[in-house]
Structure formats: C-alpha cells, structure tokens
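Taking it in order: structure first as structure tokens, then the write-up.
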Amino acid sequence: MWKINKIPASLGVESHISYKDMEFPYPQAPISPMPMICTALIVAAGSGQRFGGLIPKQYQELGGMPILRRSILAFLGHTHIDNVQVVISPQHRDLYDKAVEGLDLPPPVHGGATRQDSVRLGLEALEKSAQKPDLVMIHDAARPLIDAQTITAVRKALDSADGAIAAKPLVDTLKRGDGNVITDTINRANLWQAHTPQAFRFDKILAAHRAAIGQKLTDDAVVAEKAGIPVILVPTNADNMKITNPDDLGRAARLLGQTFGDIRTGIGFDVHRLIPGTEIHLCGITIPHDRTLEGHSDADVVLHAVVDAIMGAMSAGDIGHHFPPSDNQWKGADSAIFVRKAVQILNERGGIISNVDVTIMCEKPRIGIHRQAMQERLAELLEVNQDRVSVKATTTERLGFTGREEGIAAQAIATLRF
C-alpha cells in the first residue's frame with residue numbers, strides 16, 4: 001500500500017500531491033552493475049483534432065518553444081536516458097524539423113492510425129536500431145511539463161519491476177451521472193490517473209504490443225496488463241498535465257512560470273579593437289563599414305557578451321573556456337555557433353531564458369537603423385520571442401577608447417529560470 005505521509009493543511013482540497021509525499025512497499029533492488037540502455041520514445045503522431053488550430057497541438061508554442069521540443073528536452077538531457085526517439089505523422093515532417101532544429105536526434109519514425117499503432121511502430125524501429133534498448137520509457141509529447149524527478153523515479157522502479165508508470169492518485173470525489181443527474185458516487189480509494197512516462201522492459205512491452213494489435217487499448221499500461229506484466233504505480237508531480245485543448249495550454253503556461261522559480265542572472269562584457277576593413281559583425285548581422293573588428297572568430301562583440309552572460313548565470317565558465325582562441329577551428333567562425341552552444345547547455349540543464357538585455361557602446365556605426373534586425377536575429381539564436389530580447393546602443397560622449405573609435409564594447413545581462 002502506498003501512503004501519503006503528510007499534506008500541508010494550506011494546500012486545500014485541490015492541492016498538488018508530489019511523489020515526494022509518498023512511500024512505496026516495492027523493494028529497491030540495487031541497480032545492476034551491467035549498464036542498461038534506456039531509450040525514451042516520444043509519441044507525437046496525433047493530429048490534435050480536439051485541440052483545434054492550424055497546426056497540431058504538439059507543435060504549438062509553450063513558453064517560447066514548441067510543446068514537442070520541450071517534451072524532448074526533458075529526456076534528452078536526463079542522466080537516466082541514453083537515447084530519444086520520436087514518432088511523428090509523415091504529414092508533419094516540416095513542422096517536426098523546425099521544432100527539433102539543432103537537437104541531436106535520429107530520424108523520426110512514422111506513426112500509425114492510432115496511438116497504440118504509433119507506439120508499436122516506434123518499438124519495432126528501436127528493435128532494429130544500432131543500439132537496441134534494454135528499457136523503454138514511452139511518453140506523450142503533449143505532456144511537456146514532465147519533471148526530472150518523475151523520470152528518475154519511474155526509471156528506478158524498473159530495477160525491481162517489469163513495468164512502471166507515472167500516475168496521480170485521485171483526490172476528488174467521483175460521480176456517475178445520467179445526463180446531469182447523479183446516479184452513483186464512486187469510491188475513489190485506490191483509484192489513480194495514468195500519466196506518462198510509462199516504462200517497461202523493452203522485449204516484454206514489444207511482445208505485448210504485437211499481441212494487442214487491433215484491440216484499441218488506451219495506454220501502454222493496459223497493453224502490459226493484458227500480457228500479464230505487473231506494472232508499478234509511481235506518483236508523479238501533479239503538474240504533469242496533458243494538453244488537450246487551448247485552455248490546457250494557458251494553464252500549462254502559468255504552471256511553467258510558477259515551476260521555473262530558480263531565477264539566475266549573468267553579466268557579460270566584451271571589447272574588440274577596430275581595424276581597417278569593409279564590414280563589421282554585430283549581434284549576428286553584417287553591416288558595411290570602413291572598419292572591422294579584430295578577433296579570432298568573426299569578433300561579434302555583442303554575441304560574445306551574450307554568451308558570457310548566459311554562461312555566467314549557469315556557472316558554466318566563459319566563451320574562452322568553451323571556444324579557446326588557441327583552437328584554429330574557431331578561426332573566423334560565425335559567433336552564432338557560440339550562442340547556439342550556450343542555449344544547448346542551458347536546455348540540457350533544464351533552464352529557459354527569461355530575457356536578455358544588451359547595450360552596445362560605440363560612436364559608429366549608428367545602431368538605430370539596424371536595431372530591429374539585430375533584435376530579430378538575437379531572438380532567433382536564443383530561441384525566444386522578440387519581447388524577451390532588448391538591444392540598445394549608446395555613445396560615451398567621445399570619451400575613452402570607444403569615443404576615440406578605437407574599439408567597440410558591449411554589455412549583456414541574461415536572466416535565466418530553472
């Protein structure tokens with residue numbers, strides 16, 4: 001029997017019950033000394049008809065990125081997940097490519113007419129892959145708020161079981177009705193809501209899915225149950241909601257803002273010397289000029305400051321640590337590479353960009369006419385909406401090296417949420 005240790009009285013009847021409040025009776029066997037490959041299978045082949053809209057819900061934006069991308073990132077950077085495989089509809093390939101741009105993923109698998117078909121096709125593709133998994137964690141793309149602790153808890157449950165699912169114990173009283181009239185009250189004891197991820201020994205769930213073809217089962221736990229596979233219930237974070245309609249998307253956005261409560265700020269500052277030339281690179285765009293900035297890469301002083309601000313907020317070193325000027329591979333490199341790397345590290349650590357504010361200090365070139373293009377490019381590189389990016393410029397009233405037009409300086413402040 002699971003039990004709730006304690007629910008703070010302040011939470012009330014609609015409180016969120018966390019897995020941290022639960023205890024379990026199943027034995028915690030030590031992890032096998034032989035590493036077991038665990039692959040996350042993200043199911044994103046649905047058409048999202050109940051959601052409506054011009055594109056399926058998994059490609060709608062949540063917190064500045066597609067729902068599918070947010071779900072993938074939760075597993076892609078997790079220590080217990082070795083690989084991530086996505087199952088999509090072939091009709092959505094263009095949407096998929098845009099949503100996962102820059103992520104290190106294998107080609108997607110084409111799904112089937114139902115979720116059950118899509119999961120089976122995904123499992124069969126994994127069976128033929130170069131790195132066939134020992135364990136598989138199946139997750140619905142429409143649950144983008146899955147947390148790292150739940151993934152860990154579900155994975156650890158497989159140390160002593162053949163199947164385990166994230167689930168939420170029911171706390172509301174259930175009524176059965178005839179139209180709008182109550183006909184019965186259902187005892188909620190021992191009732192759970194099944195969530196994802198749902199994890200299994202790979203060979204067993206693949207065999208179970210093949211045996212269940214055509215049965216129209218609603219989730220993988222039911223498939224496992226039909227095959228006689230015992231499945232452990234692992235209490236999940238109650239915010240691990242499934243987005244089904246536009247109201248859910250609004251609620252998820254609010255929860256996302258509440259969840260990312262660890263706020264960190266970093267400051268970046270960079271300077272480059274001006275030398276004779278024909279163009280200058282600033283904030284990811286090229287501006288014709290009678291000077292150029294001297295540097296090992298393209299010397300984009302603004303992007304360098306932005307990278308240092310993001311790295312600083314994560315305590316992840318600085319741009320020189322990740323891209324040393326002594327390494328010839330960065331000779332003349334586009335500084336966009338450095339920004340994308342900073343964003344990748346941030347994603348792997350489970351963070352998001354709240355905003356980035358940049359100040360450029362120079363006499364020339366005039367920044368005002370380029371400001372909008374700079375802001376658009378920076379937002380694109382950071383994978384955020386433009387209202388989360390600010391680009392400003394100032395002179396130093398002809399004082400100092402910037403006033404003498406000997407160089408250009410830039411300062412950036414990045415606020416991140418984890």
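Naming works like this for the structure tokens: A, B, ... for the chains as they're shown, residue 1 at the start of each chain, ligands 1 onward in shown order.
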
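Residue neighbourhood of Thr39 of chain A, excluding near-sequence residues (fewer than 4 positions): Ile81, Asp82, Asn83, Val84, Gln85, Pro133, Leu135, Val136 and Met137 of chain A, at 8 Å, using only C-alpha atoms.
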
Kindly export the residues of the current selection with C-alpha atoms, as an mmCIF file, in the first residue's frame.
data_model
loop_
_atom_site.group_PDB
_atom_site.id
_atom_site.type_symbol
_atom_site.label_atom_id
_atom_site.label_comp_id
_atom_site.auth_asym_id
_atom_site.auth_seq_id
_atom_site.Cartn_x
_atom_site.Cartn_y
_atom_site.Cartn_z
ATOM 1 C CA ILE A 81 18.087 8.367 -20.624
ATOM 2 C CA ASP A 82 20.577 7.193 -23.246
ATOM 3 C CA ASN A 83 18.642 7.918 -26.439
ATOM 4 C CA VAL A 84 15.484 9.702 -27.563
ATOM 5 C CA GLN A 85 13.344 8.517 -30.485
ATOM 6 C CA PRO A 133 17.416 -0.653 -25.681
ATOM 7 C CA LEU A 135 14.406 -0.463 -21.218
ATOM 8 C CA VAL A 136 12.000 1.922 -22.915
ATOM 9 C CA MET A 137 10.209 4.929 -21.456
#

| said: If we count only C-alpha atoms and set the cut-off at 10 Å, which residues sit around Pro107 of chain A, ignoring sequence neighbours fewer than 5 positions away in its own chain? Please answer as an MDAnalysis selection string. | reply: chainID A and resid 85:87 97

>> For the structure I just gave you, how does DSSP split segment 111-313 of chain A - specifically, which residues are alpha helix (DSSP H)? Reply as JSON, numbers by chain.
In response: {"A": [115, 116, 117, 118, 119, 120, 121, 122, 123, 124, 125, 126, 127, 148, 149, 150, 151, 152, 153, 154, 155, 156, 157, 202, 203, 204, 205, 206, 207, 208, 209, 210, 211, 220, 221, 222, 223, 224, 225, 226, 246, 247, 248, 249, 250, 251, 252, 253, 254, 255, 256, 257, 258, 259, 301, 302, 303, 304, 305, 306, 307, 308, 309, 310, 311, 312, 313]}

Grab the residues selected above and save them as a PDB file, in the first residue's frame with C-alpha atoms.
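Once everything was written out, this is out13.pdb:
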ATOM      1  CA  ARG A 115      -1.560   5.923 -30.606  1.00  0.00           C
ATOM      2  CA  GLN A 116      -1.288   2.186 -29.987  1.00  0.00           C
ATOM      3  CA  ASP A 117      -0.146   1.638 -33.581  1.00  0.00           C
ATOM      4  CA  SER A 118       2.353   4.507 -33.290  1.00  0.00           C
ATOM      5  CA  VAL A 119       3.928   3.098 -30.134  1.00  0.00           C
ATOM      6  CA  ARG A 120       4.266  -0.365 -31.673  1.00  0.00           C
ATOM      7  CA  LEU A 121       5.874   1.062 -34.819  1.00  0.00           C
ATOM      8  CA  GLY A 122       8.249   3.061 -32.658  1.00  0.00           C
ATOM      9  CA  LEU A 123       9.190  -0.018 -30.641  1.00  0.00           C
ATOM     10  CA  GLU A 124       9.762  -2.055 -33.798  1.00  0.00           C
ATOM     11  CA  ALA A 125      12.041   0.665 -35.139  1.00  0.00           C
ATOM     12  CA  LEU A 126      14.031   0.608 -31.896  1.00  0.00           C
ATOM     13  CA  GLU A 127      14.344  -3.176 -32.159  1.00  0.00           C
ATOM     14  CA  ALA A 148      13.298  15.187 -13.988  1.00  0.00           C
ATOM     15  CA  GLN A 149      12.395  13.677 -10.608  1.00  0.00           C
ATOM     16  CA  THR A 150       9.456  11.749 -12.068  1.00  0.00           C
ATOM     17  CA  ILE A 151      11.628  10.409 -14.898  1.00  0.00           C
ATOM     18  CA  THR A 152      14.169   9.263 -12.324  1.00  0.00           C
ATOM     19  CA  ALA A 153      11.516   7.656 -10.099  1.00  0.00           C
ATOM     20  CA  VAL A 154       9.912   5.751 -12.989  1.00  0.00           C
ATOM     21  CA  ARG A 155      13.300   4.546 -14.217  1.00  0.00           C
ATOM     22  CA  LYS A 156      14.356   3.360 -10.750  1.00  0.00           C
ATOM     23  CA  ALA A 157      11.105   1.440 -10.355  1.00  0.00           C
ATOM     24  CA  PHE A 202      11.826  -3.480 -23.837  1.00  0.00           C
ATOM     25  CA  ASP A 203      11.356  -7.042 -25.113  1.00  0.00           C
ATOM     26  CA  LYS A 204       8.314  -7.605 -22.920  1.00  0.00           C
ATOM     27  CA  ILE A 205       6.403  -4.476 -23.930  1.00  0.00           C
ATOM     28  CA  LEU A 206       7.239  -5.024 -27.608  1.00  0.00           C
ATOM     29  CA  ALA A 207       5.829  -8.561 -27.447  1.00  0.00           C
ATOM     30  CA  ALA A 208       2.776  -7.268 -25.570  1.00  0.00           C
ATOM     31  CA  HIS A 209       2.110  -4.599 -28.208  1.00  0.00           C
ATOM     32  CA  ARG A 210       2.396  -7.116 -31.021  1.00  0.00           C
ATOM     33  CA  ALA A 211      -0.070  -9.394 -29.243  1.00  0.00           C
ATOM     34  CA  ASP A 220       0.722   1.115 -22.699  1.00  0.00           C
ATOM     35  CA  ALA A 221      -0.056   0.034 -19.148  1.00  0.00           C
ATOM     36  CA  VAL A 222      -3.253  -1.603 -20.397  1.00  0.00           C
ATOM     37  CA  VAL A 223      -1.251  -3.365 -23.106  1.00  0.00           C
ATOM     38  CA  ALA A 224       1.123  -4.624 -20.404  1.00  0.00           C
ATOM     39  CA  GLU A 225      -1.729  -5.706 -18.130  1.00  0.00           C
ATOM     40  CA  LYS A 226      -3.318  -7.727 -20.955  1.00  0.00           C
ATOM     41  CA  PRO A 246      -6.477  25.609 -25.702  1.00  0.00           C
ATOM     42  CA  ASP A 247      -7.425  26.142 -22.037  1.00  0.00           C
ATOM     43  CA  ASP A 248      -4.862  23.498 -21.076  1.00  0.00           C
ATOM     44  CA  LEU A 249      -2.211  25.430 -22.973  1.00  0.00           C
ATOM     45  CA  GLY A 250      -2.944  28.544 -20.931  1.00  0.00           C
ATOM     46  CA  ARG A 251      -2.802  26.585 -17.690  1.00  0.00           C
ATOM     47  CA  ALA A 252       0.470  24.961 -18.721  1.00  0.00           C
ATOM     48  CA  ALA A 253       1.968  28.380 -19.444  1.00  0.00           C
ATOM     49  CA  ARG A 254       1.003  29.559 -15.958  1.00  0.00           C
ATOM     50  CA  LEU A 255       2.407  26.413 -14.359  1.00  0.00           C
ATOM     51  CA  LEU A 256       5.599  26.789 -16.351  1.00  0.00           C
ATOM     52  CA  GLY A 257       6.067  30.257 -14.940  1.00  0.00           C
ATOM     53  CA  GLN A 258       5.489  29.001 -11.392  1.00  0.00           C
ATOM     54  CA  THR A 259       7.705  25.937 -11.800  1.00  0.00           C
ATOM     55  CA  VAL A 301      31.378  41.705 -29.627  1.00  0.00           C
ATOM     56  CA  VAL A 302      27.631  41.635 -28.871  1.00  0.00           C
ATOM     57  CA  LEU A 303      27.148  37.885 -29.241  1.00  0.00           C
ATOM     58  CA  HIS A 304      30.298  37.261 -27.204  1.00  0.00           C
ATOM     59  CA  ALA A 305      28.892  39.343 -24.350  1.00  0.00           C
ATOM     60  CA  VAL A 306      25.567  37.477 -24.586  1.00  0.00           C
ATOM     61  CA  VAL A 307      27.295  34.084 -24.409  1.00  0.00           C
ATOM     62  CA  ASP A 308      29.292  35.152 -21.348  1.00  0.00           C
ATOM     63  CA  ALA A 309      26.117  36.402 -19.648  1.00  0.00           C
ATOM     64  CA  ILE A 310      24.313  33.096 -20.193  1.00  0.00           C
ATOM     65  CA  MET A 311      27.322  31.006 -19.189  1.00  0.00           C
ATOM     66  CA  GLY A 312      27.861  33.169 -16.138  1.00  0.00           C
ATOM     67  CA  ALA A 313      24.295  32.691 -14.931  1.00  0.00           C
TER      68      ALA A 313
END

Could you give me the residues within segment 334-382 of chain A that DSSP places in strand (DSSP E or B), as a tab-separated table (two decimals) with C-alpha atoms, in the first residue's frame?
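Result went into states.tsv, see below:
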chain	number	residue	atom	x	y	z
A	352	ILE	CA	14.91	28.71	-20.03
A	353	ILE	CA	15.77	32.28	-20.98
A	354	SER	CA	13.57	34.86	-19.31
A	355	ASN	CA	15.17	37.83	-21.05
A	356	VAL	CA	18.45	39.18	-22.44
A	357	ASP	CA	19.28	42.89	-22.40
A	358	VAL	CA	22.20	44.21	-24.50
A	359	THR	CA	23.91	47.60	-24.59
A	360	ILE	CA	26.34	48.41	-27.42
A	361	MET	CA	28.88	51.17	-26.78

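Across the structure, atom CA of Met314 of chain A and atom CA of Asp387 of chain A are spaced 22.2 Å apart.
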
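Closest approach to Gly214 of chain A among A:Ser160, A:Ser129, A:Thr114, A:Ser297: A:Thr114, based on only C-alpha atoms.
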
Q | For Leu145 of chain A: contacts at 8 Å, only C-alpha atoms, fewer than 5 positions along chain excluded, given as a PyMOL selection string | A | chain A and resi 70-71+239-241+252+256

So that I can check the surroundings of segment 322-329 of chain A, please list as a PyMOL selection string every protein, DNA and RNA residue that reaches within 8 Å of it, counting only C-alpha atoms and ignoring chain neighbours fewer than 2 positions away. chain A and resi 296-297+317-320+331+333+338

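Closest approach to Gly268 of chain A from the set A:Leu41, A:Met36, A:Leu95, A:Ala412 is made by A:Ala412, with distances taken over only C-alpha atoms.
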